[in-house]
Structures are given as structure tokens and as C-alpha cells.
Amino acid sequence: MKILITGSNGLLGQKIVRQLKKKNKSFLATSLGENRNPDCPNSFYSSLDISNQYEVNKVIMDYNPDAVIHTAAITNVDYCETNPDLCYEVNVTATAYLFDAAQKAEAHFLALSTDFVFSGEKGNYNESDQPNPLSVYAHSKVNAERILINSANKNWSIVRTIIVFGEGNNLSRSNIVLWAKEALSSGKELNIIDDQYRAPTWADDLAWACIRIAELHKTGIYHISGPETFSIYELVLRVAKFCDLDTESLNKTTSESLNQVAKRPPKTGFDLSKARNEIDYRPMSFEDSLRLLFSV
């Protein structure tokens, strides 16, 4: 089986590459610009601008994959709010290019999406719950999903996920768990929101699920996240406890006090029943993932 990955320089992309290498699977890693992942051989890498339809068609036609795992996106929620045209181009139009090219290659197309497609009014969302996006970023992901959902071709899957964390090489962005440890270690006063609830997802678990879905040719929507939903404040508190860091500088605050540009859903979290039953998804506990992340 040959798998093409977009966004291979990102955290999830790097984890997918690592697991495919361990499984001795054939793959082509792609990202914009040079290969920034030293664990990915350059012979398995191709630069790809997903917003360039000619490039997309050429790379996919030349490699002729059995599956495409599309992780590339602009995920900075506030940046998307102030740059809606670029957000739409990368998150929606590029997805259409990739999906079209994958169809021509008769390849399974797996697209990454987000818990932000929901309004966050109830939490514990399952795959049949109706999206209700609150931000430009969230709207872009809903529109990207609809490209697949409304297509006559059903050789696709959508994987929605929540706050992906882990460690990678030369990443353009950090993630909340690594940030929390660094911020707590600095001893500076931290104001952390306690009115947004998420189920943080270990990147290795998410990568496993994406590969598994592609290998099994599963179609439809899958919710893949960590097993527990808790507040951002509790997340930081649990990182502090695990790393034996002082919490004297840690204060609770509200989302309203941050004056964030884009609106966030207050409570998400996923019902993982479908993933558990259909692909045997068994996500690691938060503390067990911290143990691996910090090699304790």
C-alpha cells in the first residue's frame, strides 16, 4: 500500500511518517518547502504547494498512491479570523484540489478536521451531531468536510480531532502541553482559562488511527481524541503535577478576559464509541502520554 501524506513537516505528519517507516510501508511525505523532518529520508519527500492545482495533480499522478492522508492546513484560529481569504484557499480550495486528484488516482482520501466544527454547547459529540461553526477557521473546516460529504464519490474519510500534542522536529508551532511545561518552569504568573473544555489528543494515537483507517479503507466520519475531557486550567494543572512543578503562579481566568479574536466552543470532547468499535481505537491516558512525552 502506498500512502501520500500532506503536511508532513507538522507534528501529526511526522508521527505518521515515523509509524509508516516502522511498518515498512511505502509513502511519500509532502509539505511546502524543504523537508524539515530528519526522520524522513529526502528520497521519500516531495515539496508540494497544496494551493497550486497543477502541483497537486502532478505529484499525485506521478506517485499514484492508494491513499492520501491530508493533514496540511492553517490551524491558527485567530490568524484565520483576520486572514479569511488565505484560510479559505488553504483549508477549502486546496482540499478540493487534493480530493479531485485523489479521485483520479482512485485513492482513498482521508481529511483531518476539528472539534471546532461544533458550537460547544453540549460536549461529548458523536459523528452524527450537526456542525455549528463559530469562527472563520471552523467554517473553513466545515466547508472542506462538505466537499467530501456532498461528493458522489464515497471513497473518503474525515477524522475530527482535538488539541493534538507531542514532540516533533523543527515544528513551526508548539502545542499546549509543551508550552504549559515551559511556562510553569519559568515561574511567571499564568492566567489560564477554566471555561473551555477539551479532550487533548496524543499525536501518536491520532497517527495510528489515521493509518488504520486508510489501511482498512474505512469510509465516513470518525472522532479521534484523547479519552478524557477537562478544562484548559486542569490540563495545565495536571502537567504541573506530573512534572512536579510549582503552581503558585497559576491563576484561573475566563475566555472573555483574553479578548481572543476568534470565538471558541466552550465544551467539546468526543464520544469515541465508533472508533473503538470499528478500528479498535484505544487512546492512551493523559498521564501515560505525558510519561512518554517527557520520558519519565
# chains A, B, ... in the order shown; residues from 1 in each chain; ligands from 1
call {"tool": "closest_atom_pairs", "arguments": {"of": "segment 148-253 of chain A", "to": "segment 28-47 of chain A", "cutoff": "9 Å", "atoms": "only C-alpha atoms", "output": "CSV"}}
result
residue,atom,partner,partner_atom,distance
A:Gly168,CA,A:Asn37,CA,8.1
A:Asn169,CA,A:Asn37,CA,5.7
A:Asn170,CA,A:Arg36,CA,6.1
A:Leu171,CA,A:Arg36,CA,8.1
call {"tool": "closest_atom_pairs", "arguments": {"of": "segment 118-174 of chain A", "to": "segment 181-198 of chain A", "cutoff": "10 Å", "atoms": "only C-alpha atoms", "output": "tab-separated table"}}
result
residue	atom	partner	partner_atom	distance
A:Gly120	CA	A:Tyr197	CA	8.8
A:Gly123	CA	A:Tyr197	CA	8.4
A:Asn124	CA	A:Arg198	CA	9.6
A:Ile162	CA	A:Arg198	CA	6.8
A:Ile163	CA	A:Arg198	CA	7.3
call {"tool": "write_last_selection", "arguments": {"atoms": "N, CA, C and O atoms", "output": "compact mmCIF listing (two decimals), in the first residue's frame"}}
result
# COMPACT_ATOMS: atom_id res chain seq x y z
N GLY A 120 -20.01 23.79 20.72
CA GLY A 120 -19.53 23.58 22.08
C GLY A 120 -20.58 23.79 23.14
O GLY A 120 -20.25 24.03 24.30
N GLY A 123 -20.98 19.27 24.31
CA GLY A 123 -19.84 18.39 24.54
C GLY A 123 -20.14 16.94 24.22
O GLY A 123 -21.27 16.57 23.89
N ASN A 124 -19.09 16.11 24.31
CA ASN A 124 -19.20 14.66 24.04
C ASN A 124 -19.89 14.39 22.70
O ASN A 124 -20.83 13.59 22.61
N ILE A 162 -8.93 16.77 18.41
CA ILE A 162 -8.96 17.85 19.41
C ILE A 162 -7.55 18.06 20.00
O ILE A 162 -6.92 17.09 20.43
N ILE A 163 -7.09 19.29 20.06
CA ILE A 163 -5.81 19.66 20.69
C ILE A 163 -4.76 18.55 20.62
O ILE A 163 -4.59 17.76 21.54
call {"tool": "residues_around", "arguments": {"residues": "segment 18-24 of chain A", "least_positions_apart": "6", "cutoff": "9 Å", "atoms": "only C-alpha atoms", "output": "list in words"}}
result
Ile3, Asp39, Cys40, Asp204, Ala207, Trp208 and Ile211 of chain A
call {"tool": "write_last_selection", "arguments": {"atoms": "all heavy atoms", "output": "mmCIF file, in the first residue's frame"}}
result
data_model
loop_
_atom_site.group_PDB
_atom_site.id
_atom_site.type_symbol
_atom_site.label_atom_id
_atom_site.label_comp_id
_atom_site.auth_asym_id
_atom_site.auth_seq_id
_atom_site.Cartn_x
_atom_site.Cartn_y
_atom_site.Cartn_z
ATOM 1 N N ILE A 3 1.038 5.345 0.516
ATOM 2 C CA ILE A 3 0.302 6.432 1.164
ATOM 3 C C ILE A 3 1.022 7.755 0.943
ATOM 4 O O ILE A 3 2.228 7.862 1.176
ATOM 5 C CB ILE A 3 0.145 6.172 2.678
ATOM 6 C CG1 ILE A 3 -0.690 4.910 2.912
ATOM 7 C CG2 ILE A 3 -0.507 7.368 3.373
ATOM 8 C CD1 ILE A 3 -0.869 4.533 4.377
ATOM 9 N N ASP A 39 13.859 12.613 10.402
ATOM 10 C CA ASP A 39 13.479 11.197 10.428
ATOM 11 C C ASP A 39 12.885 10.731 9.102
ATOM 12 O O ASP A 39 12.639 9.534 8.920
ATOM 13 C CB ASP A 39 12.470 10.941 11.548
ATOM 14 C CG ASP A 39 13.069 11.151 12.933
ATOM 15 O OD1 ASP A 39 14.295 10.984 13.065
ATOM 16 O OD2 ASP A 39 12.311 11.493 13.860
ATOM 17 N N CYS A 40 12.639 11.680 8.201
ATOM 18 C CA CYS A 40 12.062 11.344 6.892
ATOM 19 C C CYS A 40 13.155 11.440 5.829
ATOM 20 O O CYS A 40 13.671 12.534 5.577
ATOM 21 C CB CYS A 40 10.918 12.294 6.548
ATOM 22 S SG CYS A 40 10.179 11.988 4.920
ATOM 23 N N ASP A 204 0.664 10.482 18.621
ATOM 24 C CA ASP A 204 0.950 9.115 18.178
ATOM 25 C C ASP A 204 -0.333 8.293 18.055
ATOM 26 O O ASP A 204 -0.466 7.472 17.129
ATOM 27 C CB ASP A 204 1.915 8.437 19.154
ATOM 28 C CG ASP A 204 3.258 9.134 19.221
ATOM 29 O OD1 ASP A 204 3.336 10.212 19.849
ATOM 30 O OD2 ASP A 204 4.231 8.610 18.647
ATOM 31 N N ALA A 207 -2.055 9.508 14.847
ATOM 32 C CA ALA A 207 -1.369 8.978 13.664
ATOM 33 C C ALA A 207 -1.744 7.513 13.439
ATOM 34 O O ALA A 207 -2.013 7.096 12.299
ATOM 35 C CB ALA A 207 0.142 9.124 13.839
ATOM 36 N N TRP A 208 -1.764 6.737 14.515
ATOM 37 C CA TRP A 208 -2.137 5.318 14.417
ATOM 38 C C TRP A 208 -3.533 5.184 13.822
ATOM 39 O O TRP A 208 -3.772 4.348 12.936
ATOM 40 C CB TRP A 208 -2.090 4.672 15.801
ATOM 41 C CG TRP A 208 -2.475 3.225 15.798
ATOM 42 C CD1 TRP A 208 -1.643 2.154 15.643
ATOM 43 C CD2 TRP A 208 -3.811 2.685 15.920
ATOM 44 N NE1 TRP A 208 -2.368 0.980 15.672
ATOM 45 C CE2 TRP A 208 -3.697 1.282 15.838
ATOM 46 C CE3 TRP A 208 -5.062 3.252 16.099
ATOM 47 C CZ2 TRP A 208 -4.813 0.442 15.925
ATOM 48 C CZ3 TRP A 208 -6.170 2.422 16.175
ATOM 49 C CH2 TRP A 208 -6.041 1.033 16.095
ATOM 50 N N ILE A 211 -3.666 5.992 10.013
ATOM 51 C CA ILE A 211 -3.104 4.898 9.213
ATOM 52 C C ILE A 211 -4.051 3.711 9.199
ATOM 53 O O ILE A 211 -4.289 3.088 8.166
ATOM 54 C CB ILE A 211 -1.716 4.495 9.748
ATOM 55 C CG1 ILE A 211 -0.716 5.638 9.561
ATOM 56 C CG2 ILE A 211 -1.209 3.224 9.050
ATOM 57 C CD1 ILE A 211 0.588 5.460 10.308
#
call {"tool": "select_by_dssp", "arguments": {"residues": "segment 112-208 of chain A", "states": "alpha helix (DSSP H)", "output": "PDB file with C-alpha atoms, in the first residue's frame"}}
result
ATOM      1  CA  VAL A 136     -13.667  31.543  10.173  1.00  0.00           C
ATOM      2  CA  TYR A 137     -11.368  28.583  10.840  1.00  0.00           C
ATOM      3  CA  ALA A 138     -14.290  26.408  11.921  1.00  0.00           C
ATOM      4  CA  HIS A 139     -16.329  27.439   8.861  1.00  0.00           C
ATOM      5  CA  SER A 140     -13.382  26.545   6.611  1.00  0.00           C
ATOM      6  CA  LYS A 141     -13.229  23.065   8.085  1.00  0.00           C
ATOM      7  CA  VAL A 142     -16.984  22.551   7.725  1.00  0.00           C
ATOM      8  CA  ASN A 143     -16.776  23.666   4.087  1.00  0.00           C
ATOM      9  CA  ALA A 144     -13.853  21.303   3.481  1.00  0.00           C
ATOM     10  CA  GLU A 145     -15.836  18.441   5.005  1.00  0.00           C
ATOM     11  CA  ARG A 146     -18.807  19.217   2.763  1.00  0.00           C
ATOM     12  CA  ILE A 147     -16.661  18.820  -0.353  1.00  0.00           C
ATOM     13  CA  LEU A 148     -16.295  15.163   0.586  1.00  0.00           C
ATOM     14  CA  ILE A 149     -19.740  14.618   2.090  1.00  0.00           C
ATOM     15  CA  ILE A 176      -0.278  23.470  24.650  1.00  0.00           C
ATOM     16  CA  VAL A 177       1.335  20.673  26.690  1.00  0.00           C
ATOM     17  CA  LEU A 178       4.907  21.639  25.806  1.00  0.00           C
ATOM     18  CA  TRP A 179       4.007  25.298  26.303  1.00  0.00           C
ATOM     19  CA  ALA A 180       2.494  24.545  29.715  1.00  0.00           C
ATOM     20  CA  LYS A 181       5.620  22.811  30.979  1.00  0.00           C
ATOM     21  CA  GLU A 182       7.885  25.598  29.724  1.00  0.00           C
ATOM     22  CA  ALA A 183       5.646  28.349  31.130  1.00  0.00           C
ATOM     23  CA  LEU A 184       5.321  26.650  34.509  1.00  0.00           C
ATOM     24  CA  SER A 185       9.087  26.153  34.654  1.00  0.00           C
ATOM     25  CA  SER A 186       9.647  29.882  34.149  1.00  0.00           C
ATOM     26  CA  ALA A 203      -0.263  12.721  18.372  1.00  0.00           C
ATOM     27  CA  ASP A 204       0.950   9.115  18.178  1.00  0.00           C
ATOM     28  CA  ASP A 205      -2.572   7.821  18.888  1.00  0.00           C
ATOM     29  CA  LEU A 206      -4.013  10.067  16.189  1.00  0.00           C
ATOM     30  CA  ALA A 207      -1.369   8.978  13.664  1.00  0.00           C
ATOM     31  CA  TRP A 208      -2.137   5.318  14.417  1.00  0.00           C
TER      32      TRP A 208
END
call {"tool": "atom_distance", "arguments": {"atom1": "atom CA of Ser172 of chain A", "atom2": "atom CA of Leu11 of chain A"}}
result
9.3 Å
call {"tool": "select_by_dssp", "arguments": {"residues": "segment 57-224 of chain A", "states": "strand (DSSP E)", "output": "PDB file with N, CA, C and O atoms, in the first residue's frame"}}
result
ATOM      1  N   ALA A  67      -3.707   5.721  -1.020  1.00  0.00           N
ATOM      2  CA  ALA A  67      -4.417   6.556  -0.047  1.00  0.00           C
ATOM      3  C   ALA A  67      -3.688   7.878   0.120  1.00  0.00           C
ATOM      4  O   ALA A  67      -2.456   7.941   0.005  1.00  0.00           O
ATOM      5  N   VAL A  68      -4.460   8.929   0.374  1.00  0.00           N
ATOM      6  CA  VAL A  68      -3.920  10.254   0.687  1.00  0.00           C
ATOM      7  C   VAL A  68      -4.390  10.617   2.084  1.00  0.00           C
ATOM      8  O   VAL A  68      -5.591  10.584   2.364  1.00  0.00           O
ATOM      9  N   ILE A  69      -3.448  10.939   2.973  1.00  0.00           N
ATOM     10  CA  ILE A  69      -3.795  11.421   4.313  1.00  0.00           C
ATOM     11  C   ILE A  69      -3.477  12.907   4.350  1.00  0.00           C
ATOM     12  O   ILE A  69      -2.310  13.308   4.329  1.00  0.00           O
ATOM     13  N   HIS A  70      -4.528  13.712   4.385  1.00  0.00           N
ATOM     14  CA  HIS A  70      -4.398  15.166   4.227  1.00  0.00           C
ATOM     15  C   HIS A  70      -4.420  15.850   5.589  1.00  0.00           C
ATOM     16  O   HIS A  70      -5.479  16.086   6.169  1.00  0.00           O
ATOM     17  N   HIS A 108      -7.982   6.336  -1.773  1.00  0.00           N
ATOM     18  CA  HIS A 108      -8.778   6.709  -0.610  1.00  0.00           C
ATOM     19  C   HIS A 108      -8.281   8.063  -0.099  1.00  0.00           C
ATOM     20  O   HIS A 108      -7.084   8.302  -0.012  1.00  0.00           O
ATOM     21  N   PHE A 109      -9.214   8.957   0.252  1.00  0.00           N
ATOM     22  CA  PHE A 109      -8.839  10.300   0.702  1.00  0.00           C
ATOM     23  C   PHE A 109      -9.281  10.494   2.145  1.00  0.00           C
ATOM     24  O   PHE A 109     -10.471  10.434   2.455  1.00  0.00           O
ATOM     25  N   LEU A 110      -8.310  10.716   3.026  1.00  0.00           N
ATOM     26  CA  LEU A 110      -8.602  10.952   4.440  1.00  0.00           C
ATOM     27  C   LEU A 110      -8.249  12.395   4.778  1.00  0.00           C
ATOM     28  O   LEU A 110      -7.102  12.812   4.595  1.00  0.00           O
ATOM     29  N   ALA A 111      -9.227  13.153   5.253  1.00  0.00           N
ATOM     30  CA  ALA A 111      -9.022  14.565   5.578  1.00  0.00           C
ATOM     31  C   ALA A 111      -9.131  14.776   7.082  1.00  0.00           C
ATOM     32  O   ALA A 111     -10.055  14.282   7.725  1.00  0.00           O
ATOM     33  N   LEU A 112      -8.181  15.536   7.634  1.00  0.00           N
ATOM     34  CA  LEU A 112      -8.231  15.879   9.056  1.00  0.00           C
ATOM     35  C   LEU A 112      -9.154  17.064   9.272  1.00  0.00           C
ATOM     36  O   LEU A 112      -9.107  18.045   8.528  1.00  0.00           O
ATOM     37  N   SER A 113      -9.978  16.968  10.306  1.00  0.00           N
ATOM     38  CA  SER A 113     -10.856  18.073  10.678  1.00  0.00           C
ATOM     39  C   SER A 113     -10.759  18.293  12.187  1.00  0.00           C
ATOM     40  O   SER A 113      -9.821  17.813  12.831  1.00  0.00           O
ATOM     41  N   THR A 114     -11.715  18.974  12.765  1.00  0.00           N
ATOM     42  CA  THR A 114     -11.557  19.508  14.108  1.00  0.00           C
ATOM     43  C   THR A 114     -12.843  19.496  14.918  1.00  0.00           C
ATOM     44  O   THR A 114     -13.954  19.533  14.355  1.00  0.00           O
ATOM     45  N   TRP A 156     -13.787   8.124   0.838  1.00  0.00           N
ATOM     46  CA  TRP A 156     -13.153   9.126   1.693  1.00  0.00           C
ATOM     47  C   TRP A 156     -13.478   8.874   3.156  1.00  0.00           C
ATOM     48  O   TRP A 156     -14.419   8.149   3.484  1.00  0.00           O
ATOM     49  N   SER A 157     -12.689   9.482   4.005  1.00  0.00           N
ATOM     50  CA  SER A 157     -12.971   9.500   5.438  1.00  0.00           C
ATOM     51  C   SER A 157     -12.569  10.854   6.000  1.00  0.00           C
ATOM     52  O   SER A 157     -11.682  11.518   5.465  1.00  0.00           O
ATOM     53  N   ILE A 158     -13.257  11.256   7.041  1.00  0.00           N
ATOM     54  CA  ILE A 158     -12.947  12.503   7.751  1.00  0.00           C
ATOM     55  C   ILE A 158     -12.595  12.127   9.187  1.00  0.00           C
ATOM     56  O   ILE A 158     -13.352  11.402   9.842  1.00  0.00           O
ATOM     57  N   VAL A 159     -11.456  12.599   9.652  1.00  0.00           N
ATOM     58  CA  VAL A 159     -11.042  12.364  11.034  1.00  0.00           C
ATOM     59  C   VAL A 159     -11.051  13.704  11.763  1.00  0.00           C
ATOM     60  O   VAL A 159     -10.241  14.581  11.475  1.00  0.00           O
ATOM     61  N   ARG A 160     -11.988  13.850  12.675  1.00  0.00           N
ATOM     62  CA  ARG A 160     -12.017  15.047  13.517  1.00  0.00           C
ATOM     63  C   ARG A 160     -11.213  14.772  14.787  1.00  0.00           C
ATOM     64  O   ARG A 160     -11.298  13.678  15.352  1.00  0.00           O
ATOM     65  N   THR A 161     -10.463  15.774  15.224  1.00  0.00           N
ATOM     66  CA  THR A 161      -9.642  15.584  16.405  1.00  0.00           C
ATOM     67  C   THR A 161      -9.625  16.845  17.266  1.00  0.00           C
ATOM     68  O   THR A 161     -10.235  17.859  16.901  1.00  0.00           O
ATOM     69  N   VAL A 164      -4.057  18.502  19.507  1.00  0.00           N
ATOM     70  CA  VAL A 164      -3.035  17.473  19.304  1.00  0.00           C
ATOM     71  C   VAL A 164      -1.738  17.912  19.979  1.00  0.00           C
ATOM     72  O   VAL A 164      -1.290  19.047  19.817  1.00  0.00           O
ATOM     73  N   PHE A 165      -1.128  17.008  20.743  1.00  0.00           N
ATOM     74  CA  PHE A 165       0.122  17.356  21.409  1.00  0.00           C
ATOM     75  C   PHE A 165       1.148  16.233  21.274  1.00  0.00           C
ATOM     76  O   PHE A 165       0.811  15.080  21.012  1.00  0.00           O
ATOM     77  N   LEU A 190       0.729  32.932  35.499  1.00  0.00           N
ATOM     78  CA  LEU A 190      -0.027  32.404  34.369  1.00  0.00           C
ATOM     79  C   LEU A 190      -1.517  32.511  34.644  1.00  0.00           C
ATOM     80  O   LEU A 190      -2.005  32.050  35.679  1.00  0.00           O
ATOM     81  N   ASN A 191      -2.245  33.121  33.713  1.00  0.00           N
ATOM     82  CA  ASN A 191      -3.701  33.201  33.786  1.00  0.00           C
ATOM     83  C   ASN A 191      -4.279  32.230  32.762  1.00  0.00           C
ATOM     84  O   ASN A 191      -4.169  32.456  31.554  1.00  0.00           O
ATOM     85  N   ILE A 192      -4.871  31.161  33.247  1.00  0.00           N
ATOM     86  CA  ILE A 192      -5.325  30.070  32.378  1.00  0.00           C
ATOM     87  C   ILE A 192      -6.845  29.942  32.447  1.00  0.00           C
ATOM     88  O   ILE A 192      -7.432  29.932  33.533  1.00  0.00           O
ATOM     89  N   ILE A 193      -7.471  29.822  31.295  1.00  0.00           N
ATOM     90  CA  ILE A 193      -8.933  29.745  31.235  1.00  0.00           C
ATOM     91  C   ILE A 193      -9.445  28.426  31.821  1.00  0.00           C
ATOM     92  O   ILE A 193      -8.847  27.367  31.627  1.00  0.00           O
ATOM     93  N   TYR A 197     -13.403  23.437  27.631  1.00  0.00           N
ATOM     94  CA  TYR A 197     -13.136  22.034  27.934  1.00  0.00           C
ATOM     95  C   TYR A 197     -12.794  21.280  26.652  1.00  0.00           C
ATOM     96  O   TYR A 197     -13.502  21.368  25.653  1.00  0.00           O
ATOM     97  N   ARG A 198     -11.701  20.522  26.706  1.00  0.00           N
ATOM     98  CA  ARG A 198     -11.223  19.782  25.541  1.00  0.00           C
ATOM     99  C   ARG A 198     -10.751  18.381  25.966  1.00  0.00           C
ATOM    100  O   ARG A 198     -10.495  18.123  27.131  1.00  0.00           O
ATOM    101  N   THR A 201      -5.300  15.248  22.606  1.00  0.00           N
ATOM    102  CA  THR A 201      -5.043  14.037  21.826  1.00  0.00           C
ATOM    103  C   THR A 201      -3.552  13.813  21.641  1.00  0.00           C
ATOM    104  O   THR A 201      -2.847  14.665  21.090  1.00  0.00           O
ATOM    105  N   TRP A 202      -3.063  12.672  22.072  1.00  0.00           N
ATOM    106  CA  TRP A 202      -1.668  12.271  21.888  1.00  0.00           C
ATOM    107  C   TRP A 202      -1.433  12.033  20.395  1.00  0.00           C
ATOM    108  O   TRP A 202      -2.126  11.244  19.762  1.00  0.00           O
ATOM    109  N   GLY A 220     -16.383   7.461   5.791  1.00  0.00           N
ATOM    110  CA  GLY A 220     -17.261   8.203   6.682  1.00  0.00           C
ATOM    111  C   GLY A 220     -16.465   9.026   7.687  1.00  0.00           C
ATOM    112  O   GLY A 220     -15.259   9.238   7.538  1.00  0.00           O
ATOM    113  N   ILE A 221     -17.160   9.491   8.712  1.00  0.00           N
ATOM    114  CA  ILE A 221     -16.572  10.390   9.708  1.00  0.00           C
ATOM    115  C   ILE A 221     -16.177   9.604  10.952  1.00  0.00           C
ATOM    116  O   ILE A 221     -16.930   8.737  11.407  1.00  0.00           O
ATOM    117  N   TYR A 222     -14.989   9.931  11.496  1.00  0.00           N
ATOM    118  CA  TYR A 222     -14.514   9.314  12.726  1.00  0.00           C
ATOM    119  C   TYR A 222     -14.046  10.386  13.695  1.00  0.00           C
ATOM    120  O   TYR A 222     -13.336  11.310  13.306  1.00  0.00           O
ATOM    121  N   HIS A 223     -14.445  10.240  14.962  1.00  0.00           N
ATOM    122  CA  HIS A 223     -13.973  11.129  16.010  1.00  0.00           C
ATOM    123  C   HIS A 223     -12.812  10.452  16.736  1.00  0.00           C
ATOM    124  O   HIS A 223     -12.964   9.367  17.296  1.00  0.00           O
TER     125      HIS A 223
END
